[in-house]
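Student: What follows is target.cif; its format and atoms are mmCIF, C-alpha atoms and all ligand atoms.
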```
data_model
#
loop_
_atom_site.group_PDB
_atom_site.id
_atom_site.type_symbol
_atom_site.label_atom_id
_atom_site.label_comp_id
_atom_site.auth_asym_id
_atom_site.auth_seq_id
_atom_site.Cartn_x
_atom_site.Cartn_y
_atom_site.Cartn_z
ATOM 1 C CA MET A 1 0.000 0.000 0.000
ATOM 2 C CA LEU A 2 1.291 3.455 -0.901
ATOM 3 C CA LYS A 3 2.484 5.337 2.199
ATOM 4 C CA PRO A 4 2.453 9.131 2.627
ATOM 5 C CA ASN A 5 5.939 10.673 2.662
ATOM 6 C CA LYS A 6 6.802 13.503 5.000
ATOM 7 C CA LEU A 7 7.098 16.796 3.111
ATOM 8 C CA ALA A 8 10.328 18.789 3.259
ATOM 9 C CA LYS A 9 8.526 21.936 4.460
ATOM 10 C CA LYS A 10 6.269 22.216 7.497
ATOM 11 C CA ASN A 11 3.665 24.450 5.814
ATOM 12 C CA PHE A 12 1.770 24.588 2.528
ATOM 13 C CA LEU A 13 1.356 28.313 1.989
ATOM 14 C CA SER A 14 2.301 28.415 -1.673
ATOM 15 C CA SER A 15 2.606 26.030 -4.610
ATOM 16 C CA LEU A 16 6.314 26.772 -4.227
ATOM 17 C CA ASP A 17 6.390 24.975 -0.873
ATOM 18 C CA LEU A 18 6.340 21.639 -2.718
ATOM 19 C CA SER A 19 8.890 20.105 -5.055
ATOM 20 C CA ALA A 20 7.724 18.567 -8.335
ATOM 21 C CA ASN A 21 8.177 15.101 -6.822
ATOM 22 C CA GLU A 22 6.085 16.064 -3.792
ATOM 23 C CA VAL A 23 3.279 17.325 -6.064
ATOM 24 C CA LEU A 24 3.357 14.050 -8.012
ATOM 25 C CA HIS A 25 3.357 12.076 -4.748
ATOM 26 C CA ILE A 26 0.294 13.949 -3.437
ATOM 27 C CA LEU A 27 -1.499 13.395 -6.762
ATOM 28 C CA GLU A 28 -0.683 9.673 -6.611
ATOM 29 C CA LEU A 29 -1.956 9.473 -3.032
ATOM 30 C CA ALA A 30 -5.089 11.383 -4.080
ATOM 31 C CA SER A 31 -5.755 8.905 -6.908
ATOM 32 C CA ASN A 32 -5.326 6.060 -4.459
ATOM 33 C CA PHE A 33 -7.741 7.657 -2.007
ATOM 34 C CA LYS A 34 -10.194 8.259 -4.844
ATOM 35 C CA ASN A 35 -10.018 4.630 -5.987
ATOM 36 C CA LYS A 36 -10.206 3.386 -2.397
ATOM 37 C CA LYS A 37 -6.824 1.687 -2.687
ATOM 38 C CA ILE A 38 -5.500 3.148 0.559
ATOM 39 C CA ASN A 39 -6.847 3.759 3.989
ATOM 40 C CA ILE A 40 -4.951 5.940 6.443
ATOM 41 C CA ASP A 41 -5.869 6.512 10.073
ATOM 42 C CA LEU A 42 -4.631 9.768 11.569
ATOM 43 C CA ASN A 43 -5.718 8.747 15.062
ATOM 44 C CA ASN A 44 -8.037 11.619 15.958
ATOM 45 C CA LYS A 45 -5.786 14.422 14.717
ATOM 46 C CA VAL A 46 -7.534 17.808 14.678
ATOM 47 C CA LEU A 47 -7.640 20.298 11.802
ATOM 48 C CA GLY A 48 -8.611 23.869 12.722
ATOM 49 C CA LEU A 49 -10.337 25.894 9.995
ATOM 50 C CA ILE A 50 -10.059 29.699 10.065
ATOM 51 C CA PHE A 51 -12.066 31.181 7.200
ATOM 52 C CA ASP A 52 -12.217 34.985 6.895
ATOM 53 C CA LYS A 53 -14.068 34.569 3.577
ATOM 54 C CA SER A 54 -16.937 32.340 2.460
ATOM 55 C CA SER A 55 -16.286 28.831 1.201
ATOM 56 C CA THR A 56 -18.215 25.756 0.169
ATOM 57 C CA ARG A 57 -15.722 23.453 -1.580
ATOM 58 C CA THR A 58 -12.595 24.165 0.451
ATOM 59 C CA ARG A 59 -14.290 24.058 3.832
ATOM 60 C CA VAL A 60 -16.418 20.958 3.194
ATOM 61 C CA SER A 61 -13.698 19.025 1.352
ATOM 62 C CA PHE A 62 -11.316 19.622 4.276
ATOM 63 C CA GLN A 63 -13.992 18.505 6.752
ATOM 64 C CA VAL A 64 -14.791 15.346 4.811
ATOM 65 C CA ALA A 65 -11.097 14.645 4.153
ATOM 66 C CA MET A 66 -10.331 14.749 7.895
ATOM 67 C CA THR A 67 -13.340 12.551 8.704
ATOM 68 C CA ARG A 68 -12.212 9.972 6.144
ATOM 69 C CA LEU A 69 -8.711 10.043 7.639
ATOM 70 C CA GLY A 70 -10.042 9.297 11.104
ATOM 71 C CA GLY A 71 -9.502 12.847 12.308
ATOM 72 C CA THR A 72 -11.778 15.746 13.087
ATOM 73 C CA THR A 73 -12.127 19.475 12.328
ATOM 74 C CA ILE A 74 -12.966 22.566 14.343
ATOM 75 C CA ASP A 75 -14.552 25.448 12.476
ATOM 76 C CA LEU A 76 -13.044 28.584 14.028
ATOM 77 C CA ASN A 77 -15.508 31.147 12.797
ATOM 78 C CA PRO A 78 -13.729 34.524 13.146
ATOM 79 C CA THR A 79 -16.928 36.255 14.268
ATOM 80 C CA THR A 80 -17.602 33.892 17.167
ATOM 81 C CA SER A 81 -13.970 33.384 18.186
ATOM 82 C CA GLN A 82 -11.652 36.150 19.428
ATOM 83 C CA ILE A 83 -10.032 36.294 15.968
ATOM 84 C CA GLY A 84 -12.724 38.721 14.774
ATOM 85 C CA ARG A 85 -12.039 40.943 17.780
ATOM 86 C CA GLY A 86 -8.529 41.435 16.460
ATOM 87 C CA GLU A 87 -6.505 39.252 18.813
ATOM 88 C CA PRO A 88 -2.933 39.412 17.486
ATOM 89 C CA ILE A 89 -2.163 36.641 14.999
ATOM 90 C CA LYS A 90 0.930 35.658 16.956
ATOM 91 C CA ASP A 91 -1.189 35.034 20.077
ATOM 92 C CA THR A 92 -3.887 33.028 18.280
ATOM 93 C CA ALA A 93 -1.256 30.961 16.448
ATOM 94 C CA ARG A 94 0.601 30.016 19.633
ATOM 95 C CA VAL A 95 -2.613 29.085 21.459
ATOM 96 C CA LEU A 96 -4.144 27.048 18.640
ATOM 97 C CA SER A 97 -0.826 25.203 18.175
ATOM 98 C CA ARG A 98 -1.483 23.726 21.614
ATOM 99 C CA TYR A 99 -4.943 22.407 20.648
ATOM 100 C CA CYS A 100 -4.846 21.587 16.936
ATOM 101 C CA ASP A 101 -2.492 19.424 14.858
ATOM 102 C CA VAL A 102 -2.828 21.431 11.637
ATOM 103 C CA ILE A 103 -4.579 24.666 10.597
ATOM 104 C CA ALA A 104 -6.103 25.709 7.257
ATOM 105 C CA ILE A 105 -6.572 29.454 6.782
ATOM 106 C CA ARG A 106 -8.536 31.430 4.195
ATOM 107 C CA THR A 107 -7.852 35.128 4.446
ATOM 108 C CA PHE A 108 -7.173 38.273 2.437
ATOM 109 C CA ASP A 109 -3.545 39.293 2.927
ATOM 110 C CA HIS A 110 -1.006 36.594 2.197
ATOM 111 C CA SER A 111 1.302 38.246 4.731
ATOM 112 C CA ASP A 112 -1.250 37.463 7.497
ATOM 113 C CA LEU A 113 -1.019 33.793 6.572
ATOM 114 C CA GLU A 114 2.784 33.988 6.666
ATOM 115 C CA GLU A 115 2.660 35.736 10.037
ATOM 116 C CA TYR A 116 0.413 32.954 11.392
ATOM 117 C CA ALA A 117 2.765 30.272 10.029
ATOM 118 C CA LYS A 118 5.755 32.019 11.619
ATOM 119 C CA TRP A 119 4.236 31.635 15.095
ATOM 120 C CA SER A 120 2.483 28.286 14.640
ATOM 121 C CA THR A 121 4.364 25.184 15.696
ATOM 122 C CA LYS A 122 1.901 23.084 13.690
ATOM 123 C CA PRO A 123 1.577 22.884 9.879
ATOM 124 C CA VAL A 124 -0.391 25.713 8.239
ATOM 125 C CA ILE A 125 -2.269 25.291 4.948
ATOM 126 C CA ASN A 126 -3.269 28.103 2.596
ATOM 127 C CA ALA A 127 -7.008 27.662 1.975
ATOM 128 C CA LEU A 128 -6.891 30.780 -0.305
ATOM 129 C CA THR A 129 -5.383 34.209 0.040
ATOM 130 C CA ASP A 130 -5.402 37.131 -2.363
ATOM 131 C CA LEU A 131 -2.059 35.846 -3.673
ATOM 132 C CA GLU A 132 -2.531 32.081 -4.039
ATOM 133 C CA HIS A 133 -4.881 29.105 -3.922
ATOM 134 C CA PRO A 134 -2.430 26.179 -3.907
ATOM 135 C CA CYS A 135 -4.870 23.452 -2.761
ATOM 136 C CA GLN A 136 -7.037 24.318 -5.747
ATOM 137 C CA ALA A 137 -4.078 23.905 -8.110
ATOM 138 C CA LEU A 138 -3.406 20.401 -6.771
ATOM 139 C CA ALA A 139 -6.994 19.381 -7.577
ATOM 140 C CA ASP A 140 -6.716 21.033 -10.997
ATOM 141 C CA PHE A 141 -3.576 19.115 -11.889
ATOM 142 C CA LEU A 142 -5.100 15.847 -10.663
ATOM 143 C CA THR A 143 -8.042 16.490 -13.007
ATOM 144 C CA ILE A 144 -5.661 17.270 -15.882
ATOM 145 C CA HIS A 145 -3.579 14.176 -15.097
ATOM 146 C CA GLU A 146 -6.676 11.965 -15.167
ATOM 147 C CA GLU A 147 -7.314 13.159 -18.713
ATOM 148 C CA PHE A 148 -3.887 13.438 -20.289
ATOM 149 C CA ILE A 149 -1.488 11.271 -18.209
ATOM 150 C CA ASP A 150 1.703 12.981 -19.434
ATOM 151 C CA PHE A 151 1.860 16.603 -18.245
ATOM 152 C CA LYS A 152 4.552 17.426 -20.801
ATOM 153 C CA ASP A 153 1.991 17.152 -23.656
ATOM 154 C CA VAL A 154 -0.477 19.569 -22.082
ATOM 155 C CA VAL A 155 -1.128 23.204 -22.944
ATOM 156 C CA LEU A 156 -3.134 24.845 -20.149
ATOM 157 C CA THR A 157 -4.765 28.187 -20.948
ATOM 158 C CA PHE A 158 -6.214 30.304 -18.175
ATOM 159 C CA ILE A 159 -8.531 33.078 -19.339
ATOM 160 C CA GLY A 160 -9.412 35.632 -16.690
ATOM 161 C CA ASP A 161 -7.965 37.616 -13.832
ATOM 162 C CA GLY A 162 -4.271 37.035 -13.162
ATOM 163 C CA ASN A 163 -4.700 36.656 -9.409
ATOM 164 C CA ASN A 164 -4.752 33.890 -6.779
ATOM 165 C CA VAL A 165 -6.029 30.912 -8.797
ATOM 166 C CA ALA A 166 -3.938 31.855 -11.833
ATOM 167 C CA HIS A 167 -0.853 32.369 -9.651
ATOM 168 C CA SER A 168 -1.012 28.879 -8.149
ATOM 169 C CA LEU A 169 -1.625 27.354 -11.593
ATOM 170 C CA ILE A 170 1.427 29.184 -12.954
ATOM 171 C CA LEU A 171 3.685 28.070 -10.099
ATOM 172 C CA CYS A 172 2.469 24.473 -9.949
ATOM 173 C CA GLY A 173 2.501 24.356 -13.766
ATOM 174 C CA ALA A 174 6.125 25.501 -13.728
ATOM 175 C CA LEU A 175 7.045 22.736 -11.264
ATOM 176 C CA LEU A 176 5.405 20.151 -13.518
ATOM 177 C CA GLY A 177 6.854 21.629 -16.734
ATOM 178 C CA ILE A 178 3.466 22.292 -18.347
ATOM 179 C CA GLU A 179 2.956 25.010 -20.938
ATOM 180 C CA VAL A 180 0.799 27.644 -19.213
ATOM 181 C CA ARG A 181 -0.784 30.487 -21.143
ATOM 182 C CA ILE A 182 -2.537 33.317 -19.340
ATOM 183 C CA ALA A 183 -4.884 35.623 -21.240
ATOM 184 C CA CYS A 184 -6.205 38.604 -19.289
ATOM 185 C CA PRO A 185 -7.267 42.171 -20.035
ATOM 186 C CA LYS A 186 -4.519 44.804 -19.817
ATOM 187 C CA GLY A 187 -3.893 45.711 -16.187
ATOM 188 C CA TYR A 188 -4.946 42.278 -14.858
ATOM 189 C CA GLU A 189 -1.675 40.447 -15.569
ATOM 190 C CA PRO A 190 -0.310 38.090 -12.886
ATOM 191 C CA ASN A 191 1.930 39.410 -10.125
ATOM 192 C CA PRO A 192 5.462 40.035 -11.532
ATOM 193 C CA PHE A 193 7.015 38.198 -8.555
ATOM 194 C CA VAL A 194 4.993 35.074 -9.406
ATOM 195 C CA ILE A 195 6.020 35.310 -13.069
ATOM 196 C CA LYS A 196 9.673 35.748 -12.087
ATOM 197 C CA LYS A 197 9.563 32.748 -9.736
ATOM 198 C CA ALA A 198 7.889 30.571 -12.380
ATOM 199 C CA ARG A 199 10.475 31.548 -15.012
ATOM 200 C CA GLU A 200 13.248 30.559 -12.600
ATOM 201 C CA ILE A 201 11.684 27.091 -12.254
ATOM 202 C CA TYR A 202 10.845 26.439 -15.918
ATOM 203 C CA LYS A 203 13.693 24.828 -17.808
ATOM 204 C CA ASP A 204 12.206 26.347 -20.988
ATOM 205 C CA ASP A 205 11.243 29.991 -20.507
ATOM 206 C CA ASN A 206 8.843 29.859 -23.484
ATOM 207 C CA LEU A 207 6.485 27.569 -21.589
ATOM 208 C CA LEU A 208 4.903 30.524 -19.764
ATOM 209 C CA LYS A 209 3.052 32.942 -22.019
ATOM 210 C CA ILE A 210 1.143 36.018 -20.844
ATOM 211 C CA SER A 211 -1.082 37.833 -23.342
ATOM 212 C CA ASN A 212 -4.181 39.992 -23.680
ATOM 213 C CA ASP A 213 -5.662 37.914 -26.521
ATOM 214 C CA PRO A 214 -7.919 35.057 -25.352
ATOM 215 C CA HIS A 215 -8.494 33.646 -28.852
ATOM 216 C CA ALA A 216 -4.801 33.427 -29.712
ATOM 217 C CA ALA A 217 -4.084 31.939 -26.268
ATOM 218 C CA ALA A 218 -6.816 29.300 -26.633
ATOM 219 C CA LYS A 219 -5.541 28.109 -30.016
ATOM 220 C CA GLY A 220 -4.719 24.399 -29.806
ATOM 221 C CA SER A 221 -5.004 24.329 -25.988
ATOM 222 C CA ASN A 222 -5.813 21.081 -24.188
ATOM 223 C CA VAL A 223 -7.272 22.768 -21.117
ATOM 224 C CA LEU A 224 -9.334 25.975 -20.940
ATOM 225 C CA TYR A 225 -9.640 27.300 -17.409
ATOM 226 C CA THR A 226 -11.389 30.315 -15.955
ATOM 227 C CA ASP A 227 -12.299 31.896 -12.623
ATOM 228 C CA VAL A 228 -14.637 34.722 -11.583
ATOM 229 C CA TRP A 229 -13.787 38.222 -12.813
ATOM 230 C CA SER A 230 -14.456 39.761 -9.403
ATOM 231 C CA SER A 231 -12.908 37.819 -6.539
ATOM 232 C CA MET A 232 -14.120 37.834 -2.948
ATOM 233 C CA GLY A 233 -13.476 41.267 -1.486
ATOM 234 C CA GLU A 234 -13.734 42.951 -4.909
ATOM 235 C CA GLU A 235 -17.519 43.231 -4.978
ATOM 236 C CA ASN A 236 -17.314 47.044 -5.306
ATOM 237 C CA GLN A 237 -15.261 46.685 -8.528
ATOM 238 C CA LYS A 238 -17.801 44.420 -10.212
ATOM 239 C CA LYS A 239 -19.178 46.982 -12.676
ATOM 240 C CA LYS A 240 -15.739 48.057 -13.902
ATOM 241 C CA LYS A 241 -14.416 44.512 -14.098
ATOM 242 C CA ASP A 242 -17.457 43.301 -16.066
ATOM 243 C CA THR A 243 -16.598 45.965 -18.652
ATOM 244 C CA ASP A 244 -12.846 45.337 -18.607
ATOM 245 C CA PHE A 245 -13.290 41.566 -19.034
ATOM 246 C CA ASN A 246 -15.726 41.862 -21.932
ATOM 247 C CA GLY A 247 -14.498 39.365 -24.580
ATOM 248 C CA PHE A 248 -12.866 37.047 -22.041
ATOM 249 C CA THR A 249 -15.817 34.653 -21.648
ATOM 250 C CA ILE A 250 -15.240 30.956 -22.274
ATOM 251 C CA ASP A 251 -17.921 30.423 -24.918
ATOM 252 C CA SER A 252 -18.413 28.180 -27.949
ATOM 253 C CA ASP A 253 -16.161 30.388 -30.148
ATOM 254 C CA LEU A 254 -13.296 30.126 -27.709
ATOM 255 C CA VAL A 255 -13.809 26.389 -27.225
ATOM 256 C CA ALA A 256 -13.804 25.928 -31.018
ATOM 257 C CA ASN A 257 -10.346 27.528 -31.084
ATOM 258 C CA ALA A 258 -8.907 25.019 -28.618
ATOM 259 C CA ASP A 259 -7.949 21.408 -29.363
ATOM 260 C CA LYS A 260 -11.010 19.334 -30.286
ATOM 261 C CA ASP A 261 -10.584 17.198 -27.143
ATOM 262 C CA ALA A 262 -9.894 20.153 -24.853
ATOM 263 C CA ILE A 263 -11.369 20.023 -21.379
ATOM 264 C CA ILE A 264 -12.914 22.989 -19.563
ATOM 265 C CA LEU A 265 -12.146 23.768 -15.931
ATOM 266 C CA HIS A 266 -13.430 26.332 -13.424
ATOM 267 C CA CYS A 267 -12.484 26.430 -9.736
ATOM 268 C CA LEU A 268 -16.089 27.473 -8.848
ATOM 269 C CA PRO A 269 -18.199 29.199 -7.710
ATOM 270 C CA ALA A 270 -19.025 30.553 -11.183
ATOM 271 C CA TYR A 271 -21.015 33.468 -12.476
ATOM 272 C CA ARG A 272 -22.645 31.751 -15.425
ATOM 273 C CA ASN A 273 -22.696 33.763 -18.647
ATOM 274 C CA LYS A 274 -20.004 36.122 -17.337
ATOM 275 C CA GLU A 275 -16.626 34.328 -17.334
ATOM 276 C CA ILE A 276 -18.145 31.132 -18.790
ATOM 277 C CA THR A 277 -21.341 30.391 -20.656
ATOM 278 C CA ASP A 278 -23.930 28.057 -19.257
ATOM 279 C CA ALA A 279 -23.442 25.874 -22.366
ATOM 280 C CA ALA A 280 -19.666 25.614 -21.848
ATOM 281 C CA MET A 281 -20.147 24.657 -18.199
ATOM 282 C CA GLU A 282 -22.626 21.939 -19.090
ATOM 283 C CA SER A 283 -20.828 20.735 -22.247
ATOM 284 C CA GLU A 284 -19.257 17.311 -22.724
ATOM 285 C CA ASN A 285 -15.851 18.958 -22.526
ATOM 286 C CA SER A 286 -16.484 20.233 -19.000
ATOM 287 C CA ARG A 287 -14.679 18.464 -16.160
ATOM 288 C CA ILE A 288 -15.698 21.138 -13.649
ATOM 289 C CA PHE A 289 -17.524 18.885 -11.207
ATOM 290 C CA GLN A 290 -14.856 16.161 -11.378
ATOM 291 C CA GLN A 291 -12.389 18.962 -10.586
ATOM 292 C CA ALA A 292 -14.499 19.998 -7.573
ATOM 293 C CA GLU A 293 -14.609 16.383 -6.357
ATOM 294 C CA ASN A 294 -10.844 16.156 -6.659
ATOM 295 C CA ARG A 295 -10.474 18.880 -4.006
ATOM 296 C CA LEU A 296 -11.423 16.196 -1.483
ATOM 297 C CA HIS A 297 -8.953 13.591 -2.703
ATOM 298 C CA VAL A 298 -5.929 15.897 -2.959
ATOM 299 C CA GLN A 299 -6.629 17.325 0.482
ATOM 300 C CA GLN A 300 -6.633 13.807 1.904
ATOM 301 C CA GLY A 301 -3.243 13.299 0.247
ATOM 302 C CA LEU A 302 -1.921 16.632 1.494
ATOM 303 C CA LEU A 303 -3.117 16.112 5.084
ATOM 304 C CA ALA A 304 -1.741 12.572 5.166
ATOM 305 C CA CYS A 305 1.687 13.916 4.152
ATOM 306 C CA LEU A 306 1.652 16.917 6.482
ATOM 307 C CA LEU A 307 0.597 14.808 9.458
ATOM 308 C CA SER A 308 2.742 11.743 8.815
HETATM 309 N N1 LIG B 401 -12.882 26.753 -5.380
HETATM 310 C C1 LIG B 401 -13.065 27.093 -4.099
HETATM 311 O O1 LIG B 401 -12.115 27.346 -3.354
HETATM 312 O O2 LIG B 401 -14.370 27.113 -3.725
HETATM 313 P P1 LIG B 401 -14.926 27.640 -2.315
HETATM 314 O O3 LIG B 401 -14.773 29.141 -2.323
HETATM 315 O O4 LIG B 401 -16.356 27.215 -2.308
HETATM 316 O O5 LIG B 401 -14.118 27.013 -1.223
HETATM 317 N N1 LIG B 402 -10.456 34.189 -7.357
HETATM 318 C C1 LIG B 402 -11.549 33.716 -6.561
HETATM 319 C C2 LIG B 402 -11.405 32.262 -6.281
HETATM 320 C C3 LIG B 402 -12.490 31.650 -5.470
HETATM 321 C C4 LIG B 402 -12.296 30.184 -5.213
HETATM 322 C C5 LIG B 402 -11.607 34.521 -5.278
HETATM 323 O O1 LIG B 402 -10.549 34.823 -4.709
HETATM 324 O O2 LIG B 402 -12.707 34.856 -4.832
#
```
Let me see the structure of the file written as structure tokens.
Ligand code: CP
Ligand code: NVA
Tutor:
Amino acid sequence: MLKPNKLAKKNFLSSLDLSANEVLHILELASNFKNKKINIDLNNKVLGLIFDKSSTRTRVSFQVAMTRLGGTTIDLNPTTSQIGRGEPIKDTARVLSRYCDVIAIRTFDHSDLEEYAKWSTKPVINALTDLEHPCQALADFLTIHEEFIDFKDVVLTFIGDGNNVAHSLILCGALLGIEVRIACPKGYEPNPFVIKKAREIYKDDNLLKISNDPHAAAKGSNVLYTDVWSSMGEENQKKKKDTDFNGFTIDSDLVANADKDAIILHCLPAYRNKEITDAAMESENSRIFQQAENRLHVQQGLLACLLS
């Protein structure tokens, strides 16, 4: 039976916290969990969940993952705990380290997550920040792997805002050596630090392409991926972003430009007929709900490694 390996780093704050081999190991574990080939008992270990933003998939998949691993979760709602009162992160982190075995945090500022991890003696997982969504990327690459087997043959095109979800795809894509194309309106390009880091990892610099032309980017792609135009916390920018992203919808024209067997992904939740048409979401090419299911399996793999 496949056994979880201990990861080199204590925390999973960024896609960059894993090596390529560690990503592949977590994906293999996830496949084994999915196919019920392994069973791991974490002996009542406790995962604390601190979510400053809403969540369905991340929260529930972590809860179910821990239950399946023989552990449990505590939902630390910031409004009913002292976190919402503004207790210093360094105090909360040191206290919760004495109760919980691992913590998953969804918050705004990535630096708050890093501050928490600095003071926590237990592993900390990024459950989404404004900078990255690395757990999502693991599920995305499992979904891609299930379809294409060899990552080296895959062209992944992300059409949308160059923020958290795109950043983790770029970094994890770089680790796996996949061609990643990002098409976004001018002014919504990915963070230059993320691009720089990815280019340092890629053996071939040409494998990361950033453009403002969704149709050119989609040409011949094997995977078309999108995310909401207005992320959580950006609700007041919705009107402007809807205008700026006009022409960046994954629709039948864009799908026709991609490879004929291309799959369509979306991290969800979606605004149908904004970043993706209803028809594209429901089409035969869509693997969106398989992708959502895979959140559960990769998180089982990740937790098994972090707690082993
Ligand atoms: N994709 C994702 O993280 O979904 P939730 O916001 O529902 O967790
Ligand atoms: N970019 C989106 C992803 C949600 C899973 C957000 O940050 O709201």
Student: Using all atoms listed in the file, what are the residues with an atom within 6 Å of ligand LIG 402 (chain B), set out as a PyMOL selection string?
Tutor: chain A and resi 164-165+228+231-232+267-268
Student: Find the residue from A:Thr79, A:Ser252, A:Ser14, A:Gln237 that sits nearest to Asn126 (chain A); use only C-alpha atoms when measuring.
Tutor: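 Under the stated criterion, the closest residue is A:Ser14.
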Student: Using only C-alpha atoms, which residue out of A:Gly173, A:Lys209, A:Gly162, A:Ser168 lies closest to Trp229 (chain A)?
Tutor: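 Smallest distance to Trp229 (chain A) is found for A:Gly162.
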Student: Using the chain letters and numbering of this document, enumerate as a ChimeraX atom specification the residues selected by the PyMOL selection byres (((chain A and resi 303) around 9) and not hetatm).
Tutor: /A:62,65-66,69,102,298-302,304-308
Student: In terms of the shortest atom-to-atom distance over only C-alpha atoms, which of A:Phe148, A:Phe108, A:Phe141, A:Phe248 is closest to Asp52 (chain A)?
Tutor: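 Among A:Phe148, A:Phe108, A:Phe141, A:Phe248, it is A:Phe108 that comes nearest to Asp52 (chain A).
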Student: Between A:Arg68, A:Lys6, A:Lys37, A:Lys53, which one has atoms that come closest to ligand LIG 401 (chain B), using all atoms listed in the file?
Tutor: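 Smallest distance to ligand LIG 401 (chain B) is found for A:Lys53.
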Student: Might you pull out every residue within 7 Å of Ser286 (chain A), with all atoms listed in the file counted and same-chain residues fewer than 3 positions away left off, and present them as a count of residues only?
Tutor: 7
Student: Using only C-alpha atoms, which residue out of A:Phe193, A:Phe51, A:Tyr202, A:Phe151 lies closest to Ser81 (chain A)?
Tutor: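 Smallest separation from Ser81 (chain A) among the options: A:Phe51.
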Student: Could you please extract the residues within 8 Å of ligand LIG 401 (chain B), counting all atoms listed in the file, and hand them back as a list in words?
Tutor: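 Checked against 8 Å with all atoms listed in the file; the hits are Ser54, Ser55, Thr56, Arg57, Thr58, Arg59, Val60, Ala127, Leu128, His133, Gln136, Cys267, Leu268, Pro269 and Ala292 of chain A.
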Student: Can you write just those residues out, C-alpha atoms, as an mmCIF file, keeping the file's coordinate frame?
Tutor:
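The result, stored in result12.cif:
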```
data_model
loop_
_atom_site.group_PDB
_atom_site.id
_atom_site.type_symbol
_atom_site.label_atom_id
_atom_site.label_comp_id
_atom_site.auth_asym_id
_atom_site.auth_seq_id
_atom_site.Cartn_x
_atom_site.Cartn_y
_atom_site.Cartn_z
ATOM 1 C CA SER A 54 -16.937 32.340 2.460
ATOM 2 C CA SER A 55 -16.286 28.831 1.201
ATOM 3 C CA THR A 56 -18.215 25.756 0.169
ATOM 4 C CA ARG A 57 -15.722 23.453 -1.580
ATOM 5 C CA THR A 58 -12.595 24.165 0.451
ATOM 6 C CA ARG A 59 -14.290 24.058 3.832
ATOM 7 C CA VAL A 60 -16.418 20.958 3.194
ATOM 8 C CA ALA A 127 -7.008 27.662 1.975
ATOM 9 C CA LEU A 128 -6.891 30.780 -0.305
ATOM 10 C CA HIS A 133 -4.881 29.105 -3.922
ATOM 11 C CA GLN A 136 -7.037 24.318 -5.747
ATOM 12 C CA CYS A 267 -12.484 26.430 -9.736
ATOM 13 C CA LEU A 268 -16.089 27.473 -8.848
ATOM 14 C CA PRO A 269 -18.199 29.199 -7.710
ATOM 15 C CA ALA A 292 -14.499 19.998 -7.573
#
```
Student: Which residue out of A:Asp161, A:Leu142, A:Val194, A:Tyr116 has the minimum interatomic distance to Pro88 (chain A) when all atoms listed in the file are used?
Tutor: A:Tyr116
Student: Between CA of Arg181 (chain A) and CA of Ile144 (chain A), what is the distance in Å, rounded to a tenth?
Tutor: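 Here the two named atoms are 15.0 Å from each other.
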Student: Can you list, as an MDAnalysis selection string, every protein, DNA or RNA residue that comes within 12 Å of Gly177 (chain A) when you count only C-alpha atoms, leaving out same-chain residues fewer than 2 positions away?
Tutor: chainID A and resid 19:21 141 150:156 169:175 179:180 198:208
Student: Evaluate the PyMOL selection byres (((chain A and resi 213) around 12) and not hetatm) here and jot the selected residues down as a list of chain:residue names.
Tutor: A:Thr157, A:Phe158, A:Ile159, A:Gly160, A:Arg181, A:Ile182, A:Ala183, A:Cys184, A:Pro185, A:Lys186, A:Glu189, A:Lys209, A:Ile210, A:Ser211, A:Asn212, A:Pro214, A:His215, A:Ala216, A:Ala217, A:Ala218, A:Lys219, A:Phe245, A:Asn246, A:Gly247, A:Phe248, A:Thr249, A:Leu254
Student: Write the residues you've just listed into a file as a PDB file, keeping the file's coordinate frame, and include C-alpha atoms for each of them.
Tutor:
```pdb
ATOM      1  CA  THR A 157      -4.765  28.187 -20.948  1.00  0.00           C
ATOM      2  CA  PHE A 158      -6.214  30.304 -18.175  1.00  0.00           C
ATOM      3  CA  ILE A 159      -8.531  33.078 -19.339  1.00  0.00           C
ATOM      4  CA  GLY A 160      -9.412  35.632 -16.690  1.00  0.00           C
ATOM      5  CA  ARG A 181      -0.784  30.487 -21.143  1.00  0.00           C
ATOM      6  CA  ILE A 182      -2.537  33.317 -19.340  1.00  0.00           C
ATOM      7  CA  ALA A 183      -4.884  35.623 -21.240  1.00  0.00           C
ATOM      8  CA  CYS A 184      -6.205  38.604 -19.289  1.00  0.00           C
ATOM      9  CA  PRO A 185      -7.267  42.171 -20.035  1.00  0.00           C
ATOM     10  CA  LYS A 186      -4.519  44.804 -19.817  1.00  0.00           C
ATOM     11  CA  GLU A 189      -1.675  40.447 -15.569  1.00  0.00           C
ATOM     12  CA  LYS A 209       3.052  32.942 -22.019  1.00  0.00           C
ATOM     13  CA  ILE A 210       1.143  36.018 -20.844  1.00  0.00           C
ATOM     14  CA  SER A 211      -1.082  37.833 -23.342  1.00  0.00           C
ATOM     15  CA  ASN A 212      -4.181  39.992 -23.680  1.00  0.00           C
ATOM     16  CA  PRO A 214      -7.919  35.057 -25.352  1.00  0.00           C
ATOM     17  CA  HIS A 215      -8.494  33.646 -28.852  1.00  0.00           C
ATOM     18  CA  ALA A 216      -4.801  33.427 -29.712  1.00  0.00           C
ATOM     19  CA  ALA A 217      -4.084  31.939 -26.268  1.00  0.00           C
ATOM     20  CA  ALA A 218      -6.816  29.300 -26.633  1.00  0.00           C
ATOM     21  CA  LYS A 219      -5.541  28.109 -30.016  1.00  0.00           C
ATOM     22  CA  PHE A 245     -13.290  41.566 -19.034  1.00  0.00           C
ATOM     23  CA  ASN A 246     -15.726  41.862 -21.932  1.00  0.00           C
ATOM     24  CA  GLY A 247     -14.498  39.365 -24.580  1.00  0.00           C
ATOM     25  CA  PHE A 248     -12.866  37.047 -22.041  1.00  0.00           C
ATOM     26  CA  THR A 249     -15.817  34.653 -21.648  1.00  0.00           C
ATOM     27  CA  LEU A 254     -13.296  30.126 -27.709  1.00  0.00           C
TER      28      LEU A 254
END
```
